[in-house]
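Student: First, the structure itself, so that you have it in front of you.
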2 protein chains.
Amino acid sequence: MRVRLRDLAEGLGLSVMAVSKALRDAPDIGKATKERVRAEAEKRGYWPNQAARSLRSKQSGLVGLLVPDLGSEEGADIAGGLLQAAETAGISVMVGSPGEKKGGEAAQVKAMMGRGAEAIFLLPRITTEHRSLALEAVTQAGLPAIFFQRYPADVTPGKARVGWVMRDMGQAAQLALDHLWKLGHRSVTYLGGHPAERSHAEHLRAVRDGARSRGMDCAPESAMAGLHPEDGERETQKILGKKPAPTAIICGSDAVAWGAARAVLASGLKIPQDVSIIGLGDGQLAKYGSQPLTSVRFGSLGKAGFGLWMAIREGGEMRPRLVGGELMDRGSTAATQG
Amino acid sequence: MRVRLRDLAEGLGLSVMAVSKALRDAPDIGKATKERVRAEAEKRGYWPNQAARSLRSKQSGLVGLLVPDLGSEEGADIAGGLLQAAETAGISVMVGSPGEKKGGEAAQVKAMMGRGAEAIFLLPRITTEHRSLALEAVTQAGLPAIFFQRYPADVTPGKARVGWVMRDMGQAAQLALDHLWKLGHRSVTYLGGHPAERSHAEHLRAVRDGARSRGMDCAPESAMAGLHPEDGERETQKILGKKPAPTAIICGSDAVAWGAARAVLASGLKIPQDVSIIGLGDGQLAKYGSQPLTSVRFGSLGKAGFGLWMAIREGGEMRPRLVGGELMDRGSTAATQG
DNA sequence: CTGTTAGCGCTTTCAA
DNA sequence: TTGAAAGCGCTAACAG
């Protein structure tokens with residue numbers, strides 16, 4: 001924060017204005033002048049004071065990102081993808097990780113807006129309450145908001161300046177079902193998140209519909225209470241006792257799949273000979289877990305979200321984006337025995 | 001970005017200055033006035049324009065963080081801890097994830113300084129070259145820089161305004177060695193990162209010294225080329241063939257431990273009966289990997305780093321901080337057989 | 001206790 | 001093609 005436009009201007013015998021324009025490559029400055037200015041700026045190590053720039057121009061080249069937990073694979077993936085895309089585009093990113101404290105999200109959003117953020121990206125906490133608070137803070141300011149993975153409460157696309165980006169669970173379900181179908185499976189169980197969450201309910205529906213349209217059977221137990229390893233383990237223990245025993249399980253996350261695999265192995269059954277398991281997400285657990293897991297790897301939500309904003313910014317429509325995946329076969333699925 | 005101090009002032013019949021001071025809780029404004037101002041600000045949804053504020057006051061309440069890969073556990077842990085600490089302190093954080101492209105770090109640092117960042121935190125890439133570039137960009141501006149985990153090149157503490165925060169591998173080694181010693185082990189092998197990296201060399205030395213001071217034997221193969229699962233697997237295969245066969249292995253990371261465990265099990269030996277393994281880091285792989293691993297869990301580097309800056313800011317000394325750990329016993333160690 | 005003056009570094013607007 | 005004037009929203013420094 002030391003060399004100013006004024007310093008450059010004095011050194012070059014030009015006006016501040018000329019230098020400012022030259023550095024921004026304005027059309028009304030001579031080519032030779034631009035070159036001189038650029039060289040001087042480089043030599044003296046000039047870089048612009050963004051605070052002053054955005055105070056005057058109302059353009060900050062800054063966006064805000066809110067992630068509840070960067071330690072989670074979901075959060076890390078989103079943040080990583082977004083940051084990379086932003087760097088390429090020359091946009092700065094402020095990141096906030098609001099704690100449990102109520103109102104934390106709103107406070108962070110305000111801080112970001114105070115710094116001139118041109119958009120807010122958020123991966124909401126799973127509770128609806130938090131989502132609404134965050135949304136309120138953002139839309140109140142008229143800023144575009146882009147949600148990752150989970151729906152904002154009560155918003156119809158196109159109305160408020162709200163967009164969202166999600167994994168295409170429908171497509172993922174197709175991949176998983178196709179894979180199982182080719183192996184001869186005619187029945188499948190889905191273990192996903194609690195259906196009270198709208199997106200989870202849709203995931204379940206995607207699997208059900210996909211199964212039905214192929215003439216596959218989708219077990220009625222296909223639903224559960226959580227997306228953690230323990231949830232997968234517990235629910236799998238339950239369904240292993242039923243008749244007919246499941247032969248193929250699709251899990252809403254790799255963590256669930258990890259738990260499911262654990263329960264299956266503990267019961268004395270073999271993977272994939274007795275039970276086939278597919279996870280969705282393709283995270284660390286699928287690769288390095290106790291049991292390598294066939295899984296669907298998705299593209300980066302962060303990158304897609306940033307792309308959506310860039311499109312909107314240039315006049316595009318604010319409409320949802322779905323990020324597709326591809327099947328990674330790690331051998332946790334096999335042809336049916338009978 | 002809409003309600004200004006001026007709007008509040010007009011609404012209240014006060015001067016802009018009075019409102020500004022009241023909101024910042026200046027000592028020379030009446031209690032009653034402050035209350036009125038605060039109520040009005042709340043009611044009209046005022047929040048300050050930070051660009052204007054930092055342009056004038058030279059204090060931005062902003063710091064920058066550079067992490068090469070947020071997807072890594074290391075990066076996620078640092079960023080997560082820092083963000084949380086920053087939120088508590090009311091400080092904003094700009095995060096950059098510079099790609100491989102040369103000069104990316106320097107560009108990001110400039111962008112952060114342009115926005116008035118008061119300090120730069122960085123987790124450098126492992127190559128020395130990158131580190132120097134980043135350092136140059138930071139110190140050139142006279143900003144305090146705080147490095148995580150790896151040493152900045154050629155800097156003596158106290159001279160430049162450079163600090164660092166690292167895991168206390170010495171203490172971790174003590175914990176691991178104590179644990180093994182109590183189980184009866186009298187010899188140990190260490191598998192860590194390439195000793196060309198100064199910090200890795202120090203880690204190795206910490207284990208060697210700790211072993212020696214207890215009268216334990218430290219195998220000469222204690223060193224290797226990398227910190228990934230594959231490295232652990234490869235090196236372990238090598239040493240399993242030697243005589244006497246290793247009975248206890250301390251690994252520089254959980255990833256290495258995961259690979260080591262894989263190699264041990266593949267050779268037909270049992271964990272922990274035949275070989276005890278301890279990882280350092282206590283990440284996902286230790287918890288959910290194919291073999292639960294006893295490991296040392298460290299405190300958050302991000303939190304410690306932020307704490308260091310806060311201390312400096314208030315006039316404290318810029319000196320290195322070490323973050324200690326605690327042993328998490330997951331059953332991958334046992335008493336020696338003989 | 002409150003208000004006035006001046007100006008942070010930049011860009012918008014308009015005139016030369 | 002270049003420059004002068006004005007001001008973005010806020011606060012440091014001082015005066016009342």
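Residues in the structure tokens are named by chain (A, B, ... in the order shown) and by number from 1 within that chain; ligands are numbered from 1 in the order shown.
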Select from chain A every residue with an atom at most 7 Å from any atom of chain C, then for each give the shortest pair of atoms and their distance in Å to one decimal, using only C-alpha atoms (C1' of nucleotides), rows by chain and rising number, as JSON lines.
Tutor:
{"residue": "A:Asn49", "atom": "CA", "partner": "C:DG9", "partner_atom": "C1'", "distance": 6.7}
{"residue": "A:Ala52", "atom": "CA", "partner": "C:DC10", "partner_atom": "C1'", "distance": 5.0}
{"residue": "A:Arg53", "atom": "CA", "partner": "C:DC10", "partner_atom": "C1'", "distance": 4.9}
{"residue": "A:Arg56", "atom": "CA", "partner": "C:DT11", "partner_atom": "C1'", "distance": 5.9}
{"residue": "A:Ser57", "atom": "CA", "partner": "C:DT11", "partner_atom": "C1'", "distance": 6.1}
Student: Given the selection you just returned, output its residues as a file containing C-alpha atoms, formatted as a PDB file, in the first residue's frame.
Tutor:
ATOM      1  CA  ASN A  49      -5.741   0.141  -3.799  1.00  0.00           C
ATOM      2  CA  ALA A  52     -10.401   3.203  -3.076  1.00  0.00           C
ATOM      3  CA  ARG A  53     -11.262   1.639  -6.388  1.00  0.00           C
ATOM      4  CA  ARG A  56     -15.581   4.915  -6.258  1.00  0.00           C
ATOM      5  CA  SER A  57     -16.522   2.453  -8.943  1.00  0.00           C
TER       6      SER A  57
END
Student: Using only C-alpha atoms (C1' of nucleotides), which protein or nucleic acid residues come within 8 Å of region 103-118 of chain A? Drop anything in the same chain fewer than 2 positions from it, and give the result as a short mmCIF file (atom, residue, chain, number, x, y, z; two decimals) with C-alpha atoms, in the first residue's frame.
Tutor:
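Result went into part_9.cif, see below:
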data_model
loop_
_atom_site.label_atom_id
_atom_site.label_comp_id
_atom_site.auth_asym_id
_atom_site.auth_seq_id
_atom_site.Cartn_x
_atom_site.Cartn_y
_atom_site.Cartn_z
CA SER A 54 -14.38 -0.08 -5.19
CA LYS A 58 -18.96 0.24 -7.05
CA GLN A 59 -17.22 -2.76 -8.53
CA SER A 60 -15.21 -4.79 -6.14
CA GLY A 61 -14.18 -7.94 -7.95
CA LEU A 62 -14.98 -9.72 -4.73
CA VAL A 63 -17.38 -12.47 -3.84
CA GLY A 64 -18.20 -14.07 -0.52
CA LEU A 66 -20.01 -19.19 3.45
CA MET A 94 -13.78 -13.80 1.15
CA GLY A 96 -16.52 -17.20 6.27
CA PRO A 98 -20.02 -19.26 10.67
CA GLY A 99 -20.18 -21.18 13.91
CA GLU A 100 -23.27 -22.62 15.53
CA LYS A 101 -24.08 -19.27 17.03
CA ILE A 120 -22.67 -14.52 -1.95
CA HIS A 130 -30.24 -21.26 9.34
CA LEU A 133 -31.66 -16.35 8.07
CA ALA A 134 -28.82 -16.42 5.61
CA ALA A 137 -29.64 -11.26 4.92
CA VAL A 138 -28.55 -11.71 1.35
CA LEU A 143 -27.23 -9.31 -3.91
CA PRO A 144 -27.32 -12.43 -6.00
CA MET B 1 -24.56 -1.00 0.51
CA TRP B 47 -23.85 -1.67 8.18
CA PRO B 48 -20.62 0.13 7.44
CA ASN B 49 -18.95 0.42 4.08
CA GLN B 50 -15.64 -1.21 4.82
CA ALA B 51 -14.04 0.05 1.66
CA SER B 92 -12.49 -11.07 7.77
#
Student: Which residue out of A:Val264, A:Leu240, A:Ile146, A:Ile29 has the minimum interatomic distance to Met166 (chain A) when only C-alpha atoms are used?
Tutor: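 Using only C-alpha atoms, Met166 (chain A) sits closest to A:Ile146.
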Student: Based on only C-alpha atoms (C1' of nucleotides), which of the residues in chain D come within 7 Å of chain B? I want them as a list in words.
Tutor: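 Only these qualify: DG9, DC10 and DT11 of chain D.
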Student: Just checking: using only C-alpha atoms, which residue out of A:His200, A:Glu314, A:Leu301, A:Trp258 ends up closest to Tyr288 (chain A)?
Tutor: A:Trp258
Student: Provide the CA of Leu204 (chain B) to CA of Gly81 (chain B) distance in Å, to one decimal place.
Tutor: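 That distance, rounded to one decimal, is 26.9 Å.
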Student: Need to verify the contact set: Glu326 (chain A), 12 Å, only C-alpha atoms (C1' of nucleotides), exclusion of same-chain residues closer than 2 positions in sequence. Can you return it as a list in words?
Tutor: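 These residues fall inside the cut-off: Arg167, Asp168, Met169, Gln171, Ala172, Ala173, Gln174, Leu175, Ala176, Asp178, His179, Gly279, Leu280, Gly281, Asp282, Thr294, Ser295, Val296, Arg297, Phe298, Gly299, Val323, Gly324, Met328 and Asp329 of chain A.
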Student: Give me, please, the distance in Å between CA of Gly283 (chain A) and CA of Leu122 (chain B), quoted to one decimal.
Tutor: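 Atom-to-atom, CA of Gly283 (chain A) to CA of Leu122 (chain B), that is 25.8 Å.
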